[in-house]
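Enquirer: I have a structure I would like to understand better, so I am pasting it below and will then ask my questions one at a time.
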Amino acid sequence: MSTKQIQEAYIVAATRTPIGRSGRGFFRNTRPEELLMAAIRGALAQVPGLDPAAIEDAVVGCAMPEGEQGFNIARIGALLAGLPHSVGGVTVNRFCASGLTSIQMAADRIRVGEADVMIAGGVESMSMVPMSGNKPSFSPAIFERDENIGIAYGMGLTAEKVAQQWKVSRERQDAFALASHEKALKAQQAGEFKDEITPFDVLERSPDLLTGELNLRRRTVSLDEGPRADTSLAGLAKLKPVFAAKGSVTAGNSSQTSDGAGCLILASEKALRQFNLQPLARFVSFASRGVPPQIMGIGPIEAIPVALRQAGLALDDLDWIELNEAFAAQSLAVIDTVGLNPAKVNPMGGAIALGHPLGATGAIRAATVIHALRRHQLRHGLVTMCVGTGQGAAGIFERL
């Protein structure tokens with residue numbers, strides 16, 4: 001029997017790419033492994049004293065690991081980033097919590113003494129791989145029993161169910177969406193995202209029909225593309241429901257489909273000493289819980305108390321909360337039911353404004369929390385989200 005003791009896992013680097021709008025945004029022609037490669041390189045640049053050969057493995061979340069995101073994108077991204085062949089790679093999928101789960105898995109390897117340095121991250125190109133994948137196919141067994149039909153519900157329909165059951169009005173949803181944009185724009189203007197974002201050079205190609213030559217244009221993007229300065233309550237109120245004829249969930253109070261990647265580097269105390277690394281934060285706890293699939297948006301209601309209990313913390317101990325805004329309806333239901341302090345929730349905006357590149361979001365929002373805690377001299381931060389097919393996840397970080 002092993003006599004190894006549980007040890008701490010520290011985050012020594014945390015970064016992400018800007019988030020682009022899927023389909024028409026600045027990453028529409030950028031392959032996902034290129035996004036992941038950039039995020040890994042950005043994280044490595046934060047720890048110049050680290051020997052890359054010391055990295056044991058790269059755990060990367062991806063919600064739709066197929067097509068351009070197939071072939072174990074974690075391993076491919078690690079190799080393209082220039083990591084030694086000795087660094088492994090594994091792609092994990094917990095839908096919207098894939099990136100956060102990758103951090104938990106990497107931290108656990110360190111905590112049980114199996115590794116001293118790990119990469120964790122997430123990546124998603126919703127421009128290249130649609131939300132349900134290229135060939136969605138549900139098991140017929142899902143439709144044989146009423147209690148399983150919710151598995152096949154679209155995310156928007158589950159948001160409508162939550163809005164109805166938790167009595168979240170259209171007016172509250174639109175006001176929440178407007179606030180997300182306003183906070184995101186204010187944070188961008190104040191340079192609040194600078195520490196967490198690794199700028200990305202987008203290469204655009206266009207043919208010159210007269211000369212037959214290929215024109216290349218390179219531009220650097222360093223801010224998220226989603227926040228809209230022209231968002232208003234009047235404009236949001238004009239939008240029609242998308243998922244139910246008499247519903248309240250619209251494109252304006254839902255998260256944006258997006259492209260992006262995030263990466264964290266985790267290390268043991270031994271690695272901190274060996275490579276003279278400065279820890280940004282400590283990974284404290286993680287919890288995941290299941291809920292009925294038809295109301296998947298309430299997942300954080302079940303996961304947050306467990307993560308707090310594991311951490312030995314109370315709700316009031318949380319200084320910064322990144323609650324993924326899959327939909328305004330489910331965000332408000334979670335805030336109301338758990339009793340979250342709205343002033344601590346998404347102070348720099350959320351996915352409604354910033355975007356939601358599914359499998360990358362957990363890693364992206366973890367980078368946000370870690371740098372925000374340091375910038376504002378706060379102690380404890382939470383990342384939490386609902387998850388497709390009825391789950392919730394929550395992870396807690398502590399500034400050191």
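Lettering and numbering for the structure tokens are positional, with chains as A, B, ... in the shown order, residues counted from 1 in each chain, and ligands counted from 1 in the shown order.
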Could you name the residues that touch segment 54-61 of chain A at 8 Å or less, counting only C-alpha atoms, but leaving out those on the same chain fewer than 2 positions away, as number ranges by chain?
Expert: A: 50-52, 63, 73-75, 78, 86-94, 97-103, 105-106, 115-123, 359-360
Enquirer: From the set A:Gly260, A:Pro84, A:Gly154, A:Pro136, which residue has the shortest atom-to-atom contact distance to Thr17 of chain A, counting only C-alpha atoms?
Expert: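 Checking each candidate against Thr17 of chain A, we get A:Gly260 as the closest.
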Enquirer: Quick one: of A:Met296, A:Ala177, A:Pro32, A:His380, who's nearest to Val162 of chain A, counting only C-alpha atoms?
Expert: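 Smallest distance to Val162 of chain A is found for A:Met296.
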Enquirer: For segment 242-251 of chain A, list every protein, DNA or RNA residue within 7 Å, evaluated using only C-alpha atoms, and leave out those in the same chain fewer than 6 positions away; present the list as a PyMOL selection string.
Expert: chain A and resi 156-157+160+170
Enquirer: With only C-alpha atoms as the atoms that count, which of A:Asp208, A:Glu302, A:Glu269, A:Asp174 lies nearest to Val334 of chain A?
Expert: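 Closest residue, counting only C-alpha atoms: A:Glu302.
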Enquirer: Just how far from atom CA of Pro130 of chain A is atom CA of Ala261 of chain A, in Å to one decimal?
Expert: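 Atom CA of Ala261 of chain A sits 16.1 Å away from atom CA of Pro130 of chain A.
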Enquirer: Restricting the calculation to only C-alpha atoms: of A:Ala367, A:Val291, A:Ile304, A:Ala45, which residue gets closest to Ile11 of chain A?
Expert: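 Counting only C-alpha atoms, the residue closest to Ile11 of chain A is A:Ala367.
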Enquirer: List as a ChimeraX atom specification the protein and nucleic acid residues near Gly390 of chain A, meaning an atom at most 12 Å away when only C-alpha atoms are counted, but skip any in the same chain fewer than 3 places from it.
Expert: /A:94-97,148-155,158-159,288-303,385-387,393
Enquirer: Go ahead and write the residues just picked, N, CA and C atoms, as a CSV table (one decimal), in the first residue's frame.
Expert:
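Produced file selection29.csv, reproduced below:
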```csv
chain,number,residue,atom,x,y,z
A,94,ARG,N,-16.4,17.0,-20.2
A,94,ARG,CA,-17.6,17.1,-19.3
A,94,ARG,C,-18.4,18.4,-19.8
A,95,PHE,N,-18.6,18.4,-21.2
A,95,PHE,CA,-19.3,19.5,-21.8
A,95,PHE,C,-18.8,20.8,-21.3
A,96,CYS,N,-19.6,21.7,-20.7
A,96,CYS,CA,-19.2,23.0,-20.3
A,96,CYS,C,-18.2,23.1,-19.2
A,97,ALA,N,-18.1,22.0,-18.4
A,97,ALA,CA,-17.2,22.0,-17.3
A,97,ALA,C,-15.9,21.2,-17.7
A,148,ASN,N,-36.1,10.0,-19.1
A,148,ASN,CA,-34.9,10.2,-19.8
A,148,ASN,C,-35.0,11.1,-21.0
A,149,ILE,N,-36.2,11.6,-21.4
A,149,ILE,CA,-36.3,12.4,-22.5
A,149,ILE,C,-35.6,13.7,-22.4
A,150,GLY,N,-35.4,14.2,-21.2
A,150,GLY,CA,-34.7,15.5,-21.0
A,150,GLY,C,-33.3,15.4,-21.4
A,151,ILE,N,-32.7,14.3,-21.6
A,151,ILE,CA,-31.3,14.1,-22.1
A,151,ILE,C,-31.2,14.7,-23.5
A,152,ALA,N,-32.3,14.6,-24.3
A,152,ALA,CA,-32.3,15.1,-25.6
A,152,ALA,C,-32.8,16.5,-25.8
A,153,TYR,N,-33.1,17.2,-24.7
A,153,TYR,CA,-33.6,18.5,-24.8
A,153,TYR,C,-32.4,19.4,-25.2
A,154,GLY,N,-32.7,20.4,-26.1
A,154,GLY,CA,-31.7,21.4,-26.4
A,154,GLY,C,-31.5,22.3,-25.2
A,155,MET,N,-30.3,22.9,-25.1
A,155,MET,CA,-30.0,23.7,-23.9
A,155,MET,C,-31.0,24.9,-23.7
A,158,THR,N,-34.0,23.7,-21.9
A,158,THR,CA,-33.8,23.5,-20.5
A,158,THR,C,-33.8,24.9,-19.8
A,159,ALA,N,-33.3,25.9,-20.4
A,159,ALA,CA,-33.3,27.3,-19.8
A,159,ALA,C,-34.8,27.8,-19.7
A,288,SER,N,-18.6,18.0,-8.5
A,288,SER,CA,-19.6,17.9,-9.5
A,288,SER,C,-20.8,17.1,-9.0
A,289,ARG,N,-22.0,17.5,-9.5
A,289,ARG,CA,-23.2,16.9,-9.0
A,289,ARG,C,-24.2,16.8,-10.2
A,290,GLY,N,-25.0,15.8,-10.2
A,290,GLY,CA,-26.0,15.6,-11.3
A,290,GLY,C,-27.3,16.2,-10.8
A,291,VAL,N,-28.1,16.6,-11.8
A,291,VAL,CA,-29.5,17.1,-11.6
A,291,VAL,C,-30.3,16.6,-12.8
A,292,PRO,N,-31.6,16.8,-12.7
A,292,PRO,CA,-32.5,16.3,-13.9
A,292,PRO,C,-32.0,17.0,-15.2
A,293,PRO,N,-31.8,16.2,-16.2
A,293,PRO,CA,-31.4,16.8,-17.5
A,293,PRO,C,-32.2,18.0,-18.0
A,294,GLN,N,-33.5,17.9,-17.8
A,294,GLN,CA,-34.4,18.9,-18.4
A,294,GLN,C,-34.3,20.3,-17.7
A,295,ILE,N,-33.6,20.3,-16.5
A,295,ILE,CA,-33.3,21.6,-15.9
A,295,ILE,C,-31.9,21.6,-15.5
A,296,MET,N,-31.1,21.3,-16.5
A,296,MET,CA,-29.6,21.2,-16.3
A,296,MET,C,-29.0,22.5,-15.8
A,297,GLY,N,-29.6,23.7,-16.0
A,297,GLY,CA,-29.1,24.9,-15.6
A,297,GLY,C,-28.9,25.1,-14.1
A,298,ILE,N,-29.6,24.3,-13.3
A,298,ILE,CA,-29.5,24.5,-11.9
A,298,ILE,C,-28.3,23.7,-11.3
A,299,GLY,N,-27.5,23.1,-12.1
A,299,GLY,CA,-26.4,22.3,-11.6
A,299,GLY,C,-25.6,22.9,-10.5
A,300,PRO,N,-25.2,24.2,-10.7
A,300,PRO,CA,-24.4,24.8,-9.6
A,300,PRO,C,-25.0,24.9,-8.3
A,301,ILE,N,-26.4,24.8,-8.2
A,301,ILE,CA,-27.0,24.9,-6.9
A,301,ILE,C,-26.6,23.7,-6.1
A,302,GLU,N,-26.4,22.5,-6.7
A,302,GLU,CA,-26.0,21.3,-6.0
A,302,GLU,C,-24.5,21.2,-5.8
A,303,ALA,N,-23.7,21.8,-6.8
A,303,ALA,CA,-22.2,21.6,-6.8
A,303,ALA,C,-21.6,22.6,-5.8
A,385,MET,N,-20.4,26.3,-13.0
A,385,MET,CA,-21.2,26.3,-14.3
A,385,MET,C,-22.2,25.1,-14.3
A,386,CYS,N,-23.2,25.3,-15.1
A,386,CYS,CA,-24.1,24.2,-15.4
A,386,CYS,C,-23.5,23.4,-16.5
A,387,VAL,N,-24.0,22.1,-16.7
A,387,VAL,CA,-23.4,21.2,-17.7
A,387,VAL,C,-24.5,20.5,-18.4
A,393,ALA,N,-20.9,21.9,-11.8
A,393,ALA,CA,-19.5,21.8,-11.4
A,393,ALA,C,-19.1,23.0,-10.7
```
Enquirer: Could you name the residues that touch Asn215 of chain A at 6 Å or less, counting only C-alpha atoms, but leaving out those on the same chain fewer than 2 positions away, as an mmCIF file with N, CA and C atoms, in the first residue's frame?
Expert:
```cif
data_model
loop_
_atom_site.group_PDB
_atom_site.id
_atom_site.type_symbol
_atom_site.label_atom_id
_atom_site.label_comp_id
_atom_site.auth_asym_id
_atom_site.auth_seq_id
_atom_site.Cartn_x
_atom_site.Cartn_y
_atom_site.Cartn_z
ATOM 1 N N ARG A 205 -6.065 35.320 -45.088
ATOM 2 C CA ARG A 205 -5.638 35.082 -46.472
ATOM 3 C C ARG A 205 -6.759 35.472 -47.431
ATOM 4 N N SER A 206 -6.392 36.167 -48.504
ATOM 5 C CA SER A 206 -7.381 36.528 -49.520
ATOM 6 C C SER A 206 -6.711 36.531 -50.890
ATOM 7 N N PRO A 207 -7.403 36.000 -51.904
ATOM 8 C CA PRO A 207 -6.789 35.941 -53.236
ATOM 9 C C PRO A 207 -6.913 37.275 -53.971
#
```
Enquirer: Can you tell me, as an NGL selection string, which residues in segment 190-329 of chain A count as strand (DSSP E) by DSSP?
Expert: :A and (200-207 or 214-221 or 258-267 or 281-290 or 320-323)
Enquirer: In Å, with one decimal, what is the gap from atom CA of Pro140 of chain A to atom CA of Gly388 of chain A?
Expert: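 Going from atom CA of Pro140 of chain A over to atom CA of Gly388 of chain A, I get 18.5 Å.
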Enquirer: From a backbone DSSP assignment, name each residue in segment 130-276 of chain A labelled helix (DSSP H, G or I), as a PyMOL selection string.
Expert: chain A and resi 140-143+146-152+155-165+170-189+233-237+269-275
Enquirer: Keeping only N, CA and C atoms, take the residues you just selected and write them out as a short mmCIF file (atom, residue, chain, number, x, y, z; two decimals), in the first residue's frame.
Expert:
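So the final result, stored in part.cif, reads:
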```cif
data_model
loop_
_atom_site.label_atom_id
_atom_site.label_comp_id
_atom_site.auth_asym_id
_atom_site.auth_seq_id
_atom_site.Cartn_x
_atom_site.Cartn_y
_atom_site.Cartn_z
N PRO A 140 -31.88 5.38 -29.01
CA PRO A 140 -33.34 5.25 -28.94
C PRO A 140 -33.85 5.01 -27.53
N ALA A 141 -32.99 4.46 -26.66
CA ALA A 141 -33.41 4.18 -25.28
C ALA A 141 -33.79 5.45 -24.54
N ILE A 142 -33.23 6.60 -24.95
CA ILE A 142 -33.54 7.86 -24.30
C ILE A 142 -35.03 8.17 -24.40
N PHE A 143 -35.66 7.75 -25.49
CA PHE A 143 -37.05 8.11 -25.75
C PHE A 143 -38.04 7.04 -25.29
N ASP A 146 -40.09 8.34 -20.02
CA ASP A 146 -40.28 9.78 -19.90
C ASP A 146 -39.16 10.46 -19.12
N GLU A 147 -38.63 9.79 -18.07
CA GLU A 147 -37.64 10.43 -17.22
C GLU A 147 -36.30 10.65 -17.94
N ASN A 148 -36.12 10.01 -19.10
CA ASN A 148 -34.87 10.16 -19.83
C ASN A 148 -34.95 11.13 -21.01
N ILE A 149 -36.15 11.55 -21.35
CA ILE A 149 -36.31 12.39 -22.55
C ILE A 149 -35.56 13.71 -22.42
N GLY A 150 -35.43 14.20 -21.18
CA GLY A 150 -34.72 15.46 -20.96
C GLY A 150 -33.29 15.43 -21.45
N ILE A 151 -32.71 14.25 -21.58
CA ILE A 151 -31.34 14.14 -22.09
C ILE A 151 -31.24 14.73 -23.49
N ALA A 152 -32.32 14.60 -24.26
CA ALA A 152 -32.31 15.05 -25.65
C ALA A 152 -32.75 16.50 -25.80
N MET A 155 -30.30 22.90 -25.10
CA MET A 155 -29.96 23.71 -23.94
C MET A 155 -30.96 24.85 -23.73
N GLY A 156 -31.40 25.46 -24.83
CA GLY A 156 -32.35 26.56 -24.72
C GLY A 156 -33.66 26.14 -24.08
N LEU A 157 -34.11 24.95 -24.42
CA LEU A 157 -35.36 24.46 -23.84
C LEU A 157 -35.21 24.22 -22.34
N THR A 158 -34.04 23.73 -21.92
CA THR A 158 -33.81 23.55 -20.48
C THR A 158 -33.82 24.90 -19.77
N ALA A 159 -33.32 25.94 -20.43
CA ALA A 159 -33.35 27.27 -19.83
C ALA A 159 -34.78 27.76 -19.67
N GLU A 160 -35.62 27.45 -20.65
CA GLU A 160 -37.04 27.81 -20.54
C GLU A 160 -37.68 27.09 -19.35
N LYS A 161 -37.34 25.83 -19.17
CA LYS A 161 -37.89 25.07 -18.04
C LYS A 161 -37.48 25.70 -16.71
N VAL A 162 -36.20 26.12 -16.63
CA VAL A 162 -35.71 26.75 -15.41
C VAL A 162 -36.42 28.09 -15.18
N ALA A 163 -36.56 28.88 -16.24
CA ALA A 163 -37.23 30.18 -16.11
C ALA A 163 -38.65 30.01 -15.58
N GLN A 164 -39.34 28.98 -16.07
CA GLN A 164 -40.70 28.74 -15.62
C GLN A 164 -40.74 28.28 -14.17
N GLN A 165 -39.92 27.30 -13.84
CA GLN A 165 -39.96 26.69 -12.51
C GLN A 165 -39.47 27.64 -11.42
N ARG A 170 -38.79 37.63 -18.00
CA ARG A 170 -38.05 38.09 -19.16
C ARG A 170 -37.33 39.41 -18.83
N GLU A 171 -37.98 40.28 -18.07
CA GLU A 171 -37.38 41.57 -17.73
C GLU A 171 -36.09 41.38 -16.93
N ARG A 172 -36.10 40.47 -15.96
CA ARG A 172 -34.89 40.22 -15.16
C ARG A 172 -33.79 39.62 -16.03
N GLN A 173 -34.18 38.74 -16.93
CA GLN A 173 -33.18 38.12 -17.81
C GLN A 173 -32.51 39.17 -18.69
N ASP A 174 -33.29 40.06 -19.26
CA ASP A 174 -32.72 41.09 -20.13
C ASP A 174 -31.86 42.06 -19.34
N ALA A 175 -32.28 42.42 -18.14
CA ALA A 175 -31.49 43.33 -17.31
C ALA A 175 -30.16 42.68 -16.94
N PHE A 176 -30.19 41.39 -16.66
CA PHE A 176 -28.96 40.65 -16.33
C PHE A 176 -28.02 40.63 -17.54
N ALA A 177 -28.58 40.42 -18.73
CA ALA A 177 -27.77 40.40 -19.94
C ALA A 177 -27.13 41.75 -20.21
N LEU A 178 -27.90 42.81 -20.06
CA LEU A 178 -27.35 44.15 -20.26
C LEU A 178 -26.21 44.42 -19.29
N ALA A 179 -26.38 44.03 -18.03
CA ALA A 179 -25.33 44.24 -17.03
C ALA A 179 -24.06 43.48 -17.40
N SER A 180 -24.21 42.29 -17.98
CA SER A 180 -23.04 41.52 -18.40
C SER A 180 -22.22 42.29 -19.42
N HIS A 181 -22.88 42.86 -20.41
CA HIS A 181 -22.18 43.65 -21.42
C HIS A 181 -21.55 44.90 -20.81
N GLU A 182 -22.29 45.58 -19.96
CA GLU A 182 -21.77 46.81 -19.36
C GLU A 182 -20.54 46.55 -18.51
N LYS A 183 -20.56 45.48 -17.72
CA LYS A 183 -19.42 45.16 -16.88
C LYS A 183 -18.22 44.74 -17.73
N ALA A 184 -18.47 43.96 -18.78
CA ALA A 184 -17.38 43.51 -19.65
C ALA A 184 -16.71 44.69 -20.35
N LEU A 185 -17.51 45.60 -20.87
CA LEU A 185 -16.96 46.77 -21.56
C LEU A 185 -16.16 47.65 -20.60
N LYS A 186 -16.67 47.83 -19.40
CA LYS A 186 -15.96 48.63 -18.40
C LYS A 186 -14.63 47.99 -18.04
N ALA A 187 -14.62 46.66 -17.90
CA ALA A 187 -13.39 45.95 -17.56
C ALA A 187 -12.39 46.04 -18.71
N GLN A 188 -12.87 45.91 -19.94
CA GLN A 188 -11.98 46.04 -21.09
C GLN A 188 -11.33 47.42 -21.13
N GLN A 189 -12.13 48.45 -20.94
CA GLN A 189 -11.63 49.81 -21.01
C GLN A 189 -10.62 50.10 -19.90
N LEU A 233 -31.67 47.83 -23.05
CA LEU A 233 -32.88 47.11 -22.63
C LEU A 233 -33.93 47.14 -23.72
N ALA A 234 -34.04 48.27 -24.41
CA ALA A 234 -35.03 48.38 -25.48
C ALA A 234 -34.71 47.42 -26.61
N GLY A 235 -33.42 47.33 -26.96
CA GLY A 235 -33.01 46.41 -28.02
C GLY A 235 -33.22 44.97 -27.63
N LEU A 236 -32.88 44.62 -26.39
CA LEU A 236 -33.06 43.25 -25.92
C LEU A 236 -34.54 42.88 -25.89
N ALA A 237 -35.39 43.82 -25.51
CA ALA A 237 -36.82 43.55 -25.40
C ALA A 237 -37.46 43.25 -26.75
N GLU A 269 4.80 21.49 -4.40
CA GLU A 269 5.73 22.30 -3.61
C GLU A 269 7.18 21.96 -3.96
N LYS A 270 7.44 20.70 -4.25
CA LYS A 270 8.78 20.30 -4.67
C LYS A 270 9.19 21.02 -5.95
N ALA A 271 8.28 21.10 -6.91
CA ALA A 271 8.59 21.78 -8.17
C ALA A 271 8.77 23.28 -7.96
N LEU A 272 8.01 23.86 -7.03
CA LEU A 272 8.18 25.28 -6.74
C LEU A 272 9.62 25.57 -6.33
N ARG A 273 10.14 24.72 -5.45
CA ARG A 273 11.51 24.91 -4.97
C ARG A 273 12.52 24.62 -6.07
N GLN A 274 12.28 23.53 -6.81
CA GLN A 274 13.25 23.10 -7.81
C GLN A 274 13.45 24.12 -8.92
N PHE A 275 12.35 24.74 -9.35
CA PHE A 275 12.42 25.67 -10.48
C PHE A 275 12.21 27.13 -10.08
#
```
Enquirer: For the atom pair atom CA of Glu33 of chain A and atom CA of Gly77 of chain A, what is the interatomic distance in Å to one decimal place?
Expert: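 For atom CA of Glu33 of chain A relative to atom CA of Gly77 of chain A, the distance reads 5.2 Å.
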Enquirer: Which one of A:Gln310, A:Thr389, A:Thr198, A:Gln256 sits closest to Ala328 of chain A if you count only C-alpha atoms?
Expert: A:Gln256
Enquirer: Excluding Arg309 of chain A and any residue of its chain fewer than 5 positions from it, enumerate the residues within 10 Å of it, using only C-alpha atoms, and give them as an MDAnalysis selection string.
Expert: chainID A and resid 285 287 304 314:315
Enquirer: What's around Phe283 of chain A at 12 Å? Count only C-alpha atoms, leave out sequence neighbours fewer than 4 positions away in its own chain, and write the answer as a PyMOL selection string.
Expert: chain A and resi 7-12+100+103-108+110-111+264-268+279+307+310-311+366+369-370+380-383+394-400
